[in-house]
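A.B. asks: The structure's right below; bear with me while I get my questions together.
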Amino acid sequence: MTLPSAAAAADGGVRSVTRAFDLLRAFDAEHKVRSLRELVEFTGLPKSTVVRLLSTLSNPGIITSPSESTYSIGPSFLRWVKLAEAMWEVGAEARQVMTALRDDCGETVNIYIRQDLHRICVAQVEGTATVRSVVRVGEPYSMTGGAAARVLLGGCPDTVLAALSAQDAHVDAKDLRTGAASTREAGFAITHGDRELGASAVAAPITAADGRLLAALSMSGPTSRFTADRVAQYVDAATKAARQISAVGLGTVEAFL
């Protein structure tokens with residue numbers, strides 16, 4: 001299941017709603033509080049429009065103002081956070097497999113799903129090393145970079161590949177199609193510095209009982225640790241873990257995939 005694309009929202013959606021979401025995207029772990037000026041710069045909207053949006057979102061507690069001219073996420077989000085955690089929770093059995101894979105290899109383990117033109121991490125078990133790869137759970141990441149993206153592309157229809165190509169002039173739909181086919185045939189993906197310089201990953205598909213691609217199980221860390229010998233071990237371990245999760249299921253999140 002996918003949501004309407006950003007382009008579709010801009011063309012056919014309610015503009016004020018789109019602008020409200022653009023405003024909310026300004027807040028993250030590194031930017032818990034934003035000034036009015038920062039919000040204007042981030043959204044590219046006129047100051048008067050940002051002020052109206054803030055006023056509208058403040059009434060139901062979606063936005064709060066901790067001090068004059070500064071803003072943050074409001075308490076109303078708490079109920080949606082709890083709901084999202086319940087609905088998109090990866091099951092205990094799947095998480096046990098992830099933890100066992102982490103303990104076996106020491107690297108960070110993630111499960112990614114595709115939503116429209118992005119991949120989103122819905123579960124993460126951090127690696128045991130001091131220097132490790134960590135992503136933000138719930139944040140959209142590119143579908144054209146990284147081992148997990150390559151696996152997820154294997155389940156994409158041509159319309160999605162065409163949209164990804166249209167979104168980025170450096171991306172060719174034919175190349176995406178060829179790469180997706182190669183990954184499907186291999187049963188795994190390996191990348192070095194694909195999404196981020198110095199970071200490597202291996203990924204394998206998680207499938208439903210009917211064979212549909214549901215998600216990608218990824219194991220990532222510094223490229224310096226992903227030597228040829230270790231990569232071979234990681235591929236075996238990741239593909240085995242992905243098959244185990246496919247067998248036990250992903251939990252409540254699977255109903256949305």
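Labels used: A, B, ... for chains in the order of the structure tokens, numbers from 1 for residues in each chain, and numbers from 1 for ligands as shown.
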Return as a VMD selection string the full set of residues in range 12-145 of chain A whose backbone-based DSSP assignment is strand (DSSP E or B).
C.D. replies: chain A and resid 28 31 33 to 35 63 to 67 70 to 73 108 to 115 118 to 125 140 to 142
A.B. asks: Counting only C-alpha atoms, what are the residues of range 67-157 of chain A within 12 Å of range 21-32 of chain A, and for each of them which pair of atoms is the nearest and at what distance in Å, to one decimal? Sort the table by chain and rising number, as JSON lines.
C.D. replies:
```
{"residue": "A:Thr70", "atom": "CA", "partner": "A:Lys32", "partner_atom": "CA", "distance": 10.2}
{"residue": "A:Tyr71", "atom": "CA", "partner": "A:Lys32", "partner_atom": "CA", "distance": 8.5}
{"residue": "A:Ser72", "atom": "CA", "partner": "A:Lys32", "partner_atom": "CA", "distance": 6.1}
{"residue": "A:Ile73", "atom": "CA", "partner": "A:Phe27", "partner_atom": "CA", "distance": 7.3}
{"residue": "A:Gly74", "atom": "CA", "partner": "A:Leu24", "partner_atom": "CA", "distance": 10.6}
{"residue": "A:Phe77", "atom": "CA", "partner": "A:Leu24", "partner_atom": "CA", "distance": 11.1}
{"residue": "A:Val135", "atom": "CA", "partner": "A:Ala29", "partner_atom": "CA", "distance": 11.7}
{"residue": "A:Arg136", "atom": "CA", "partner": "A:Ala29", "partner_atom": "CA", "distance": 9.0}
{"residue": "A:Val137", "atom": "CA", "partner": "A:Ala29", "partner_atom": "CA", "distance": 11.2}
{"residue": "A:Gly138", "atom": "CA", "partner": "A:Asp28", "partner_atom": "CA", "distance": 11.1}
{"residue": "A:Glu139", "atom": "CA", "partner": "A:Asp28", "partner_atom": "CA", "distance": 9.6}
{"residue": "A:Pro140", "atom": "CA", "partner": "A:Arg25", "partner_atom": "CA", "distance": 11.1}
```
A.B. asks: Choose the residue, out of A:Ala86, A:Val14, A:Ala189, A:Leu152, that has the smallest atom-to-atom separation from Gly251 in chain A; count only C-alpha atoms.
C.D. replies: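 Using only C-alpha atoms, Gly251 in chain A sits closest to A:Ala86.
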A.B. asks: Any idea what's packed within 12 Å of Thr56 in chain A, counting only C-alpha atoms, ignoring anything in its chain fewer than 6 positions away? Could you give it as number ranges by chain?
C.D. replies: A: 16-17, 19-20, 23, 49-50, 62-64
A.B. asks: If you count only C-alpha atoms, which residues fall within 6 Å of Glu107 in chain A, apart from same-chain ones fewer than 2 positions away, as a ChimeraX atom specification?
C.D. replies: /A:102,105,127,220-221
A.B. asks: Just to be explicit: take each residue in the selection above, keep all heavy atoms, and write the result as a PDB file, in the first residue's frame.
C.D. replies:
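The resulting out_13.pdb:
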```pdb
ATOM      1  N   ARG A 102      22.066  -9.284  14.816  1.00  0.00           N
ATOM      2  CA  ARG A 102      22.970  -8.264  15.354  1.00  0.00           C
ATOM      3  C   ARG A 102      24.017  -8.891  16.254  1.00  0.00           C
ATOM      4  O   ARG A 102      25.220  -8.587  16.153  1.00  0.00           O
ATOM      5  CB  ARG A 102      22.156  -7.216  16.110  1.00  0.00           C
ATOM      6  CG  ARG A 102      22.933  -5.984  16.595  1.00  0.00           C
ATOM      7  CD  ARG A 102      23.679  -6.176  17.899  1.00  0.00           C
ATOM      8  NE  ARG A 102      22.887  -6.769  18.952  1.00  0.00           N
ATOM      9  CZ  ARG A 102      22.097  -6.065  19.770  1.00  0.00           C
ATOM     10  NH1 ARG A 102      22.008  -4.771  19.663  1.00  0.00           N
ATOM     11  NH2 ARG A 102      21.405  -6.705  20.734  1.00  0.00           N
ATOM     12  N   CYS A 105      26.632 -10.854  14.103  1.00  0.00           N
ATOM     13  CA  CYS A 105      27.539 -10.094  13.225  1.00  0.00           C
ATOM     14  C   CYS A 105      28.033  -8.778  13.826  1.00  0.00           C
ATOM     15  O   CYS A 105      29.042  -8.231  13.366  1.00  0.00           O
ATOM     16  CB  CYS A 105      26.857  -9.822  11.889  1.00  0.00           C
ATOM     17  SG  CYS A 105      26.409 -11.316  10.979  1.00  0.00           S
ATOM     18  N   GLY A 127      23.926  -1.766  16.253  1.00  0.00           N
ATOM     19  CA  GLY A 127      25.104  -2.608  16.361  1.00  0.00           C
ATOM     20  C   GLY A 127      25.794  -2.463  17.701  1.00  0.00           C
ATOM     21  O   GLY A 127      25.521  -1.535  18.468  1.00  0.00           O
ATOM     22  N   SER A 220      24.054  -2.950   8.263  1.00  0.00           N
ATOM     23  CA  SER A 220      24.952  -1.896   7.786  1.00  0.00           C
ATOM     24  C   SER A 220      25.980  -1.502   8.830  1.00  0.00           C
ATOM     25  O   SER A 220      25.812  -1.736  10.030  1.00  0.00           O
ATOM     26  CB  SER A 220      24.136  -0.654   7.389  1.00  0.00           C
ATOM     27  OG  SER A 220      23.379  -0.188   8.497  1.00  0.00           O
ATOM     28  N   GLY A 221      27.070  -0.902   8.336  1.00  0.00           N
ATOM     29  CA  GLY A 221      28.139  -0.451   9.215  1.00  0.00           C
ATOM     30  C   GLY A 221      29.239   0.207   8.412  1.00  0.00           C
ATOM     31  O   GLY A 221      29.110   0.402   7.187  1.00  0.00           O
TER      32      GLY A 221
END
```
A.B. asks: Which residues in range 35-248 of chain A does DSSP call helix (DSSP H, G or I)? List them as JSON, numbers by chain.
C.D. replies: {"A": [36, 37, 38, 39, 40, 41, 42, 43, 47, 48, 49, 50, 51, 52, 53, 54, 55, 56, 57, 58, 77, 78, 79, 80, 81, 82, 83, 84, 85, 86, 87, 92, 93, 94, 95, 96, 97, 98, 99, 100, 101, 102, 103, 104, 105, 147, 148, 149, 150, 151, 152, 153, 158, 159, 160, 161, 162, 163, 164, 165, 166, 167, 173, 174, 175, 176, 177, 178, 179, 180, 181, 182, 183, 184, 185, 186, 223, 224, 225, 228, 229, 230, 231, 232, 233, 234, 235, 236, 237, 238, 239, 240, 241, 242, 243, 244, 245, 246, 247, 248]}
A.B. asks: Residues near Gln244 in chain A, anyone? I mean within 9 Å using only C-alpha atoms, not counting same-chain ones fewer than 5 positions away, as a ChimeraX atom specification.
C.D. replies: /A:94,97,206,239,249
